[in-house]
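In what follows, a structure is listed as structure tokens, so that the remarks can point back to it.
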Amino acid sequence: MDNQTTTARTALKWGLITGIALVVYSIILYTFNQTTNGALSLIIYGILIGGLIVGMREYRTNNGGYMTYGEGMSLGALLSAVAGLLSSAFTVFYTQVIDPGFQERLVGQVRDQMEEQGKLSDEQIDQAIEWMQKFQSPGLQFMFGLFGTILIGVVLSLIIAAFIRRNKTNPFE
């Protein structure tokens, strides 16, 4: 049993790798001013899904080809927490230290998108922007990023672990 890997060790390893990948992708989005591009933002989910799949498969391989559903869920939750911690910390660092004017530009982009859609009145747009600005403090930004990543990671882990799990036929081995 000493040579078996633990879910925590695998989750930390792949959580760090996934978190770094999310940070690198965020840098690319910030560099090309594409943070409000919905299609490109979906790639973030792909990175998280990839990290979860590779992490669970590595754990299963290193565990004699077996992984229970619960092990997959715990691995996925911890992996998502580590990745969310890294990416949320970077986002706060970027918006507060590297580019403090980012939030103002983001509000302008969102306002322009709302006006282009033409579905809301100017008063409704102003109210939506006001609410958006209330949630732009560094603490709230970090908490929403962290808990959002964990929540999404747990939901994805529910699905992925169901496909990757492989239970032992004899539970007494």
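Each chain in the structure tokens gets a letter, A, B and so on, in the order shown; residues start at 1 in every chain, and ligands are counted from 1 in the order they appear.
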
* To do: Could you find all residues in segment 55-173 of chain A that DSSP calls alpha helix (DSSP H) from the backbone, and write them as a PyMOL selection string?
  => chain A and resi 55-62+69-93+102-117+122-134+138-164

Next, write the just-selected residues to a file, as an mmCIF file, in the first residue's frame, keeping C-alpha atoms as the atom set.
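File written: again-v5.cif
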```cif
data_model
loop_
_atom_site.group_PDB
_atom_site.id
_atom_site.type_symbol
_atom_site.label_atom_id
_atom_site.label_comp_id
_atom_site.auth_asym_id
_atom_site.auth_seq_id
_atom_site.Cartn_x
_atom_site.Cartn_y
_atom_site.Cartn_z
ATOM 1 C CA GLY A 55 -5.765 13.915 -12.786
ATOM 2 C CA MET A 56 -8.384 11.208 -12.310
ATOM 3 C CA ARG A 57 -6.823 8.973 -14.960
ATOM 4 C CA GLU A 58 -3.390 9.330 -13.396
ATOM 5 C CA TYR A 59 -4.780 8.467 -9.975
ATOM 6 C CA ARG A 60 -6.605 5.442 -11.361
ATOM 7 C CA THR A 61 -3.488 4.245 -13.217
ATOM 8 C CA ASN A 62 -1.254 4.668 -10.153
ATOM 9 C CA TYR A 69 -16.568 7.340 -7.449
ATOM 10 C CA GLY A 70 -15.890 8.944 -4.052
ATOM 11 C CA GLU A 71 -12.146 9.086 -4.712
ATOM 12 C CA GLY A 72 -12.830 10.759 -8.040
ATOM 13 C CA MET A 73 -15.117 13.281 -6.394
ATOM 14 C CA SER A 74 -12.656 14.144 -3.629
ATOM 15 C CA LEU A 75 -9.792 14.402 -6.121
ATOM 16 C CA GLY A 76 -11.885 16.642 -8.386
ATOM 17 C CA ALA A 77 -13.009 18.916 -5.556
ATOM 18 C CA LEU A 78 -9.477 19.420 -4.231
ATOM 19 C CA LEU A 79 -8.025 19.837 -7.726
ATOM 20 C CA SER A 80 -10.658 22.515 -8.461
ATOM 21 C CA ALA A 81 -9.953 24.280 -5.166
ATOM 22 C CA VAL A 82 -6.213 24.476 -5.879
ATOM 23 C CA ALA A 83 -6.785 25.627 -9.469
ATOM 24 C CA GLY A 84 -9.382 28.164 -8.307
ATOM 25 C CA LEU A 85 -7.071 29.485 -5.613
ATOM 26 C CA LEU A 86 -4.284 30.106 -8.129
ATOM 27 C CA SER A 87 -6.446 31.602 -10.858
ATOM 28 C CA SER A 88 -8.453 33.793 -8.459
ATOM 29 C CA ALA A 89 -5.309 35.068 -6.736
ATOM 30 C CA PHE A 90 -3.813 35.922 -10.121
ATOM 31 C CA THR A 91 -6.988 37.687 -11.260
ATOM 32 C CA VAL A 92 -7.022 39.887 -8.155
ATOM 33 C CA PHE A 93 -3.289 40.556 -8.505
ATOM 34 C CA PHE A 102 -8.891 46.997 -16.103
ATOM 35 C CA GLN A 103 -12.146 47.177 -14.144
ATOM 36 C CA GLU A 104 -13.089 50.522 -15.695
ATOM 37 C CA ARG A 105 -12.405 49.205 -19.214
ATOM 38 C CA LEU A 106 -14.409 46.072 -18.452
ATOM 39 C CA VAL A 107 -17.384 48.153 -17.310
ATOM 40 C CA GLY A 108 -17.134 50.160 -20.547
ATOM 41 C CA GLN A 109 -17.050 47.000 -22.656
ATOM 42 C CA VAL A 110 -20.033 45.510 -20.851
ATOM 43 C CA ARG A 111 -21.972 48.779 -21.249
ATOM 44 C CA ASP A 112 -21.187 48.822 -24.983
ATOM 45 C CA GLN A 113 -22.313 45.202 -25.370
ATOM 46 C CA MET A 114 -25.571 45.906 -23.543
ATOM 47 C CA GLU A 115 -26.237 48.962 -25.689
ATOM 48 C CA GLU A 116 -25.500 47.023 -28.900
ATOM 49 C CA GLN A 117 -27.983 44.319 -27.942
ATOM 50 C CA ASP A 122 -30.443 53.204 -20.488
ATOM 51 C CA GLU A 123 -31.846 53.170 -16.956
ATOM 52 C CA GLN A 124 -31.668 49.355 -16.808
ATOM 53 C CA ILE A 125 -28.114 49.387 -18.165
ATOM 54 C CA ASP A 126 -27.079 51.954 -15.536
ATOM 55 C CA GLN A 127 -28.628 49.795 -12.809
ATOM 56 C CA ALA A 128 -26.855 46.650 -14.100
ATOM 57 C CA ILE A 129 -23.517 48.480 -14.234
ATOM 58 C CA GLU A 130 -24.068 49.805 -10.704
ATOM 59 C CA TRP A 131 -24.626 46.254 -9.434
ATOM 60 C CA MET A 132 -21.587 45.021 -11.350
ATOM 61 C CA GLN A 133 -19.391 47.650 -9.704
ATOM 62 C CA LYS A 134 -20.577 46.621 -6.230
ATOM 63 C CA PRO A 138 -10.734 42.420 -4.466
ATOM 64 C CA GLY A 139 -12.136 40.292 -1.643
ATOM 65 C CA LEU A 140 -15.423 39.553 -3.372
ATOM 66 C CA GLN A 141 -13.642 39.022 -6.672
ATOM 67 C CA PHE A 142 -11.366 36.430 -5.040
ATOM 68 C CA MET A 143 -14.188 34.662 -3.195
ATOM 69 C CA PHE A 144 -16.481 34.463 -6.223
ATOM 70 C CA GLY A 145 -13.603 33.172 -8.360
ATOM 71 C CA LEU A 146 -12.556 30.557 -5.820
ATOM 72 C CA PHE A 147 -16.026 29.276 -4.931
ATOM 73 C CA GLY A 148 -17.186 29.464 -8.543
ATOM 74 C CA THR A 149 -14.281 27.301 -9.664
ATOM 75 C CA ILE A 150 -14.896 24.824 -6.844
ATOM 76 C CA LEU A 151 -18.614 24.627 -7.642
ATOM 77 C CA ILE A 152 -18.035 24.119 -11.355
ATOM 78 C CA GLY A 153 -15.249 21.626 -10.615
ATOM 79 C CA VAL A 154 -17.477 19.585 -8.301
ATOM 80 C CA VAL A 155 -20.284 19.483 -10.877
ATOM 81 C CA LEU A 156 -17.834 18.436 -13.593
ATOM 82 C CA SER A 157 -16.287 15.872 -11.221
ATOM 83 C CA LEU A 158 -19.715 14.309 -10.683
ATOM 84 C CA ILE A 159 -19.882 13.595 -14.388
ATOM 85 C CA ILE A 160 -16.234 12.778 -15.104
ATOM 86 C CA ALA A 161 -15.777 10.475 -12.095
ATOM 87 C CA ALA A 162 -18.811 8.443 -13.216
ATOM 88 C CA PHE A 163 -17.015 7.629 -16.474
ATOM 89 C CA ILE A 164 -13.469 7.217 -15.160
#
```

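The shortest atom-to-atom distance to Tyr45 of chain A, with only C-alpha atoms taken into account, belongs to A:Thr18 out of A:Thr5, A:Asn167, A:Thr18, A:Thr10.
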
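You can rank A:Ser41, A:Asn63, A:Ser121, A:Gln96 by their closest distance to Ile28 of chain A using only C-alpha atoms, and at the top of that list sits A:Ser41.
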
* Structure fact -> Students should find that atom CA of Arg9 of chain A and atom CA of Ala21 of chain A are spaced 18.4 Å
